[in-house]
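**Q** What follows is a single structure, and I will ask about it in a moment.
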Amino acid sequence: MVAALSAQSPAPRALAGFSDSGAAAQLAREKTFDASLQRGNLQQWLKRLSAKPHHLGSPAGKEVAEFVAARFQSWGYQVEIETFYPLFPTPKLRKLEMTSPDKFVAKLEEPVLEEDSTSGVRQDQLPVYNAYSVDGNVTGQLVYVNYGLPGDYDALAERGIDVKGKIVIARYGNSWRGIKPKVAAEHGAIGCLIYSDPHEDGYFVGDAYPKGGFRSASGAQRGSVLDMPLYPGDPLTPGIGATKDAPRLTKEKAESITKIPVLPISYEDAMPLLKALGGPVAPRGFRGALPLTYHLGPGPATVHLQLEFDWKLTPAYDVIARLPGGELGDEWVIRGNHHDGWVFGASDPLSGLVPMMEEARAVGELAKAGWKPKRSIIYTVWDGEEPMLLGSTEWAETHAAELRKHAVAYVNSDDNGRGFVELAGSHTLEHFINEAAGDVNDPEKNVSAQARRRAIGTVMGRKEKGDLALGALGSGSDFTPFLQHLGIATLSIGFGGEDASGGVYHSIYDSYDHFVKFDDPDFQYAVALAQLGGRATMRLAEADTLPVRFDGFVRAVKGYVDELTKLADKMRADTAESNQLLADHVRELVSDPHDRYVAPAPKDPVPFLSFAPLQNAIAELERSSTAFNEKEKALRGPLPLESRKALDQILMNTERVLLREEGLPRRPWFRHQIYAPGFYTGYGVKTIPGVREAIEERRWSEAEQQIPIAAAVLKAFAGQIDAATKVLGAAK
Ligand SMILES: [Zn+2]
């Protein structure tokens with residue numbers, strides 16, 4: 001039986017969106033592509049581009065953009081550098097001192113390390129700071145607020161601790177950093193410090209740099225604290241491109257700038273402050289890995305925080321490189337990665353950028369040898385991602401109308417390292433990117449990247465068969481404007497999990513020396529990313545019809561609706577139970593003088609919400625998706641060009657109809673009704689955010705309003721599937 005089978009010629013490999021002959025040609029093209037990838041380029045470019053600090057507005061930042069543009073030009077692309085002028089503050093004055101009970105002045109500096117050659121390149125280094133903190137000069141008692149999230153303030157309130165008029169100190173982790181000053185200000189704090197506890201990324205995790213790759217005592221994390229969940233990009237031009245003469249808000253009117261001054265510090269600078277705190281011992285979940293007893297305060301530690309910034313419009317240089325397509329040249333496949341770093345940025349962003357450059361070089365070689373992709377390919381290299389997606393957002397806002405007409409997909413990468421393939425994005429592309437990850441070899445284990453990811457999933461208790469489920473996207477990189485503002489199907493790709501880049505994230509030690517020691521020593525995973533990005537880009541550009549499929553989307557959304565109903569049920573039960581306990585005076589029985597519990601007010605009961613509109617929409621989606629699959633399977637041979645154009649338009653539109661022009665409640669810039677960064681998590685995603693956040697934040701009538709809104713969007717999506725099925729059915 002086995003012998004008989006192997007005697008037959010193998011069945012042709014199917015690729016989503018391709019005819020059999022098209023798939024065979026594409027797979028052959030990928031062999032040529034793989035053979036032309038050169039590790040030497042990756043190593044050379046990473047070393048060169050990380051030699052100097054290259055943040056937005058730095059001399060080296062401009063040099064990097066020009067270097068990248070010149071390379072793309074030499075590879076045959078039509079290249080332009082598009083310049084925008086966002087507001088970008090840099091520090092003029094940073095002062096943090098404890099005034100009582102002891103005197104202490106924070107160093108706020110990362111020292112030169114002999115083992116790290118670029119750490120001594122001091123010229124143009126941005127010091128440790130949080131971009132878009134307001135200027136401020138405040139003095140107050142200190143309170144330790146754990147991660148600084150809403151639940152942490154509930155725990156403080158239960159102990160009778162209020163942060164009004166105080167300065168809070170929060171540890172990094174558990175949320176995007178910008179949430180911490182936002183929640184602190186909502187609770188009346190006048191200043192915010194964020195420190196790196198070794199529990200999160202230091203000696204608790206692994207040996208500290210330079211012995212190991214993790215954060216050292218004086219390593220600190222720069223980063224933006226712009227209120228990105230409100231709107232990313234230039235704070236002065238929400239919704240429009242920050243061109244030279246764009247109308248601008250005044251800084252005072254820009255709602256995304258923080259309300260209170262905020263400064264990041266190392267644990268070396270944080271320890272004297274934490275040691276000087278009195279008040280109750282912090283609850284278990286608040287304690288980090290420092291050798292001290294964590295107290296909450298307030299005081300007696302009193303600190304003085306003074307910050308002044310140079311607020312100026314700063315040119316951001318986006319590199320845009322086009323390779324025009326053929327018969328479907330009006331359809332654009334966009335691939336992007338940023339080029340700015342906080343300092344040397346070897347891992348973030350260069351470990352993602354240099355593989356994309358090598359990918360583009362190899363694609364350019366194929367084009368020089370005669371390949372003309374059906375669709376146009378646009379490589380985009382963004383400036384100002386770190387301050388908050390400035391280059392990508394301003395470009396997407398400037399070109400919104402043409403992007404909504406022409407863009408079929410956006411594929412993003414950012415930092416990359418040793419380990420497992422990481423796939424996230426629009427679930428309509430789930431099957432597509434699984435096929436690509438199944439064709440990329442894991443360089444250390446000699447199985448496909450997809451198989452290795454599935455193996456770790458199994459170890460972690462998710463038994464995944466078939467396609468790996470894509471993670472939903474919140475924010476944290478340049479995909480946000482494309483997906484959540486414009487409704488362009490998006491993928492985020494990369495490798496990681498076995499590197500130590502988190503230990504030097506946004507510090508001066510994110511360097512070439514760190515990268516080749518701890519992140520991807522032989523550039524093997526850089527090659528793997530070039531292979532994955534190349535497959536994604538080329539297949540999207542060359543497929544006969546867009547490789548969009550609906551099973552993954554339907555499964556994902558069904559899961560989200562299920563989560564929402566369970567969330568409401570659980571909140572209802574929990575609220576009833578805790579209100580009962582409060583009525584039974586349980587708090588009085590556990591209170592003691594060392595742990596000052598104060599009985600909180602009972603919570604409003606959780607009403608029964610009607611999820612029926614969402615559940616009916618899911619049923620409709622399932623029917624539509626099944627009908628599409630049947631017609632698709634029955635299809636013989638490629639469709640005529642006009643049908644393919646019509647079909648692509650509809651498939652492209654499936655993601656667009658998930659938007660509402662009005663956006664989400666209180667944040668109109670975010671229009672996508674299925675994926676959004678959480679208002680109180682930041683990078684962390686909230687799926688079906690209009691409904692989910694209303695429930696989580698106990699706005700019951702808003703939840704009732706948002707359920708039919710989300711359902712209508714899903715029904716419109718089902719309508720697009722039906723339209724696509726019709727085109728397939730009409731084809732002979
Ligand atoms: Zn990055």
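Each chain in the structure tokens gets a letter, A, B, ..., in the order shown, and its residues are numbered from 1; ligands are numbered from 1 in order too.
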Would you mind listing what lies within 7 Å of stretch 222-231 of chain A as a list of chain:residue names, with only C-alpha atoms counted and same-chain residues fewer than 2 positions away left out?

**A**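 Using only C-alpha atoms, the neighbours found are A:Val128, A:Tyr129, A:Asn130, A:Ala131, A:Tyr132, A:Ser133, A:Arg177, A:Gly178, A:Ala220, A:Gly233, A:Pro238, A:Ser256, A:Ile257, A:Thr258, A:Pro264, A:Glu386, A:Pro387, A:Met388, A:His506, A:Ser507, A:Arg667, A:Trp669, A:Pro677, A:Gly678, A:Phe679, A:Gly682.
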
**Q** Neighbours of ligand 1 within 12 Å, counting only C-alpha atoms and all ligand atoms, as a VMD selection string?

**A** chain A and resid 55 223 to 224 336 to 353 381 to 389 412 to 416 475 to 479 494 501 to 502 505 to 506 510

**Q** Using only C-alpha atoms, find each residue in stretch 614-677 of chain A having at least one atom no more than 12 Å away from stretch 418-438 of chain A; report its shortest atom-to-atom pair and that distance in Å (one decimal), rows by chain then rising number, as a Markdown table.

**A**
| residue | atom | partner | partner_atom | distance |
| --- | --- | --- | --- | --- |
| A:Ser625 | CA | A:Thr428 | CA | 11.1 |
| A:Leu651 | CA | A:Thr428 | CA | 9.2 |
| A:Met652 | CA | A:Thr428 | CA | 10.0 |
| A:Asn653 | CA | A:Thr428 | CA | 11.4 |
| A:Thr654 | CA | A:Thr428 | CA | 8.6 |
| A:Glu655 | CA | A:Ser426 | CA | 8.1 |
| A:Arg656 | CA | A:Ser426 | CA | 11.5 |
| A:Leu658 | CA | A:Ser426 | CA | 11.0 |
| A:His672 | CA | A:Ser426 | CA | 11.2 |
| A:Ile674 | CA | A:Ser426 | CA | 9.7 |
| A:Tyr675 | CA | A:Ser426 | CA | 8.9 |
| A:Ala676 | CA | A:Gly425 | CA | 11.4 |

**Q** Limited to all heavy atoms, could you put the picked residues into a file as a short mmCIF file (atom, residue, chain, number, x, y, z; two decimals), in the first residue's frame?

**A**
data_model
loop_
_atom_site.label_atom_id
_atom_site.label_comp_id
_atom_site.auth_asym_id
_atom_site.auth_seq_id
_atom_site.Cartn_x
_atom_site.Cartn_y
_atom_site.Cartn_z
N SER A 625 -20.07 31.48 6.34
CA SER A 625 -18.72 30.97 6.18
C SER A 625 -18.74 29.56 5.58
O SER A 625 -17.94 29.24 4.69
CB SER A 625 -18.03 30.99 7.55
OG SER A 625 -16.88 30.23 7.53
N LEU A 651 -13.35 40.88 -0.50
CA LEU A 651 -12.55 40.27 0.58
C LEU A 651 -11.81 41.35 1.38
O LEU A 651 -11.70 41.28 2.60
CB LEU A 651 -11.57 39.26 -0.02
CG LEU A 651 -12.22 38.02 -0.67
CD1 LEU A 651 -11.16 37.15 -1.32
CD2 LEU A 651 -13.01 37.22 0.36
N MET A 652 -11.32 42.35 0.64
CA MET A 652 -10.62 43.46 1.29
C MET A 652 -11.57 44.21 2.22
O MET A 652 -11.20 44.66 3.30
CB MET A 652 -10.13 44.39 0.17
CG MET A 652 -9.27 45.53 0.60
SD MET A 652 -9.05 46.77 -0.72
CE MET A 652 -8.56 45.86 -2.13
N ASN A 653 -12.81 44.30 1.78
CA ASN A 653 -13.83 45.03 2.54
C ASN A 653 -14.27 44.34 3.83
O ASN A 653 -14.85 44.98 4.69
CB ASN A 653 -15.06 45.23 1.67
CG ASN A 653 -15.19 46.67 1.26
OD1 ASN A 653 -14.75 47.56 1.98
ND2 ASN A 653 -15.76 46.89 0.09
N THR A 654 -14.02 43.03 3.94
CA THR A 654 -14.50 42.34 5.14
C THR A 654 -13.92 42.99 6.40
O THR A 654 -14.62 43.18 7.39
CB THR A 654 -14.15 40.84 5.12
OG1 THR A 654 -12.75 40.68 4.92
CG2 THR A 654 -14.92 40.11 4.04
N GLU A 655 -12.63 43.38 6.35
CA GLU A 655 -12.05 44.02 7.54
C GLU A 655 -12.59 45.45 7.69
O GLU A 655 -12.84 45.90 8.80
CB GLU A 655 -10.52 44.03 7.43
CG GLU A 655 -9.80 44.31 8.73
CD GLU A 655 -9.71 43.09 9.65
OE1 GLU A 655 -9.69 41.95 9.16
OE2 GLU A 655 -9.67 43.30 10.88
N ARG A 656 -12.82 46.13 6.56
CA ARG A 656 -13.31 47.52 6.62
C ARG A 656 -14.67 47.60 7.33
O ARG A 656 -14.93 48.55 8.05
CB ARG A 656 -13.49 48.12 5.22
CG ARG A 656 -12.28 48.08 4.32
CD ARG A 656 -11.26 49.14 4.58
NE ARG A 656 -10.38 49.26 3.43
CZ ARG A 656 -9.35 48.45 3.16
NH1 ARG A 656 -9.02 47.49 3.99
NH2 ARG A 656 -8.62 48.61 2.06
N LEU A 658 -15.74 46.06 9.69
CA LEU A 658 -15.65 45.89 11.15
C LEU A 658 -15.43 47.24 11.85
O LEU A 658 -15.37 47.31 13.07
CB LEU A 658 -14.55 44.90 11.51
CG LEU A 658 -14.78 43.47 10.97
CD1 LEU A 658 -13.57 42.59 11.25
CD2 LEU A 658 -16.03 42.85 11.58
N HIS A 672 -12.20 50.21 15.10
CA HIS A 672 -12.43 48.77 14.93
C HIS A 672 -13.27 48.25 16.09
O HIS A 672 -12.98 48.52 17.25
CB HIS A 672 -11.08 48.04 14.88
CG HIS A 672 -11.11 46.77 14.10
ND1 HIS A 672 -11.82 45.67 14.50
CD2 HIS A 672 -10.51 46.42 12.94
CE1 HIS A 672 -11.65 44.69 13.62
NE2 HIS A 672 -10.86 45.12 12.65
N ILE A 674 -13.86 45.02 16.80
CA ILE A 674 -13.48 43.70 17.30
C ILE A 674 -12.16 43.74 18.07
O ILE A 674 -11.99 43.04 19.06
CB ILE A 674 -13.38 42.68 16.13
CG1 ILE A 674 -14.68 42.67 15.32
CG2 ILE A 674 -13.08 41.27 16.65
CD1 ILE A 674 -15.93 42.28 16.08
N TYR A 675 -11.21 44.57 17.62
CA TYR A 675 -9.91 44.61 18.29
C TYR A 675 -9.56 46.06 18.68
O TYR A 675 -9.63 46.95 17.84
CB TYR A 675 -8.79 44.14 17.36
CG TYR A 675 -9.04 42.91 16.52
CD1 TYR A 675 -9.12 43.01 15.13
CD2 TYR A 675 -9.15 41.65 17.10
CE1 TYR A 675 -9.31 41.88 14.33
CE2 TYR A 675 -9.34 40.51 16.31
CZ TYR A 675 -9.43 40.64 14.93
OH TYR A 675 -9.60 39.53 14.14
N ALA A 676 -9.13 46.26 19.92
CA ALA A 676 -8.62 47.57 20.34
C ALA A 676 -7.67 47.39 21.51
O ALA A 676 -7.81 46.44 22.29
CB ALA A 676 -9.77 48.49 20.77
#

**Q** With a distance cut-off of 9 Å and only C-alpha atoms, select the neighbouring residues of A:Ser74, excluding the residue or stretch itself and same-chain residues fewer than 4 positions from it, and output the selection as number ranges by chain.

**A** A: 69-70, 361

**Q** As a PyMOL selection string, list the residues of stretch 491-683 of chain A assigned to strand (DSSP E or B) by DSSP on the backbone atoms of this structure.

**A** chain A and resi 491-497+592+595+659+664+667+672+675-677

**Q** Excluding A:Lys275 and any residue of its chain fewer than 4 positions from it, enumerate the residues within 9 Å of it, using only C-alpha atoms, and give them as a list in words.

**A**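 The filter keeps Ala270, Met271, Leu292, Thr293, Tyr294, His295 and Ala301 of chain A.
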
**Q** Taking N, CA and C atoms for each residue, export the selection above as a CSV table (one decimal), in the first residue's frame.

**A**
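To be explicit, this is the file written out as again.csv:
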chain,number,residue,atom,x,y,z
A,270,ALA,N,15.4,53.4,43.1
A,270,ALA,CA,14.1,53.2,43.8
A,270,ALA,C,14.3,52.7,45.2
A,271,MET,N,15.4,51.9,45.5
A,271,MET,CA,15.5,51.2,46.7
A,271,MET,C,15.5,52.1,48.0
A,292,LEU,N,14.0,43.8,50.6
A,292,LEU,CA,13.5,44.7,51.6
A,292,LEU,C,12.0,44.3,51.9
A,293,THR,N,11.4,44.8,52.9
A,293,THR,CA,10.0,44.6,53.2
A,293,THR,C,9.3,45.7,52.5
A,294,TYR,N,8.4,45.4,51.6
A,294,TYR,CA,7.6,46.4,50.9
A,294,TYR,C,6.5,47.0,51.8
A,295,HIS,N,6.6,48.3,52.0
A,295,HIS,CA,5.5,49.0,52.7
A,295,HIS,C,4.7,49.9,51.7
A,301,ALA,N,8.6,58.8,53.7
A,301,ALA,CA,9.4,59.2,52.6
A,301,ALA,C,8.7,60.3,51.8

**Q** Pick out the residues sitting within 9 Å of stretch 576-579 of chain A, and hand them over as a VMD selection string; count only C-alpha atoms, and ignore anything fewer than 4 positions along from it in its own chain.

**A** chain A and resid 571 to 572 583 to 584 601 to 606

**Q** Excluding A:Ala634 and its own-chain neighbours fewer than 6 positions away, which residues fall within 12 Å of it when counting only C-alpha atoms? Please give them as number ranges by chain.

**A** A: 627-628, 725, 728-729, 731-732

**Q** Show which residues sit within 12 Å of A:Asn616, as JSON, numbers by chain. Count only C-alpha atoms, and ignore same-chain residues fewer than 2 positions away.

**A** {"A": [558, 561, 610, 611, 612, 613, 614, 618, 619, 620, 621, 622, 623, 707, 708, 710, 711, 712, 714, 715, 718]}

**Q** Which one is closest to A:Gln44: A:Gly191, A:Pro355, A:Pro324, A:Pro481? Count only C-alpha atoms.

**A**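 Of A:Gly191, A:Pro355, A:Pro324, A:Pro481, the one nearest A:Gln44 is A:Pro355, counting only C-alpha atoms.
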
**Q** Could you check which of A:Gly202, A:Ala11, A:Trp45, A:Ala60 is closest to A:Ala23, using only C-alpha atoms?

**A**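 Among the listed residues, the smallest separation from A:Ala23 belongs to A:Ala11.
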
**Q** Which residues in stretch 665-710 of chain A does DSSP call helix (DSSP H, G or I)? List them as a list in words.

**A**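 DSSP-assigned helix (DSSP H, G or I) residues in stretch 665-710 of chain A: Pro689, Gly690, Val691, Arg692, Glu693, Ala694, Ile695, Glu696, Trp700, Ser701, Glu702, Ala703, Glu704, Gln705, Gln706, Ile707, Pro708, Ile709 and Ala710 of chain A.
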
**Q** Between atom CA of A:Ala530 and atom CA of A:Ala35, what is the distance in Å, rounded to a tenth?

**A**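 About the pair atom CA of A:Ala530 and atom CA of A:Ala35: they are 11.7 Å apart.
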
**Q** Which is closest to A:Val440 among A:Leu37, A:Leu486, A:Leu532, A:Ala401, if we use only C-alpha atoms?

**A**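 Ranked by minimum distance to A:Val440, first place goes to A:Leu532.
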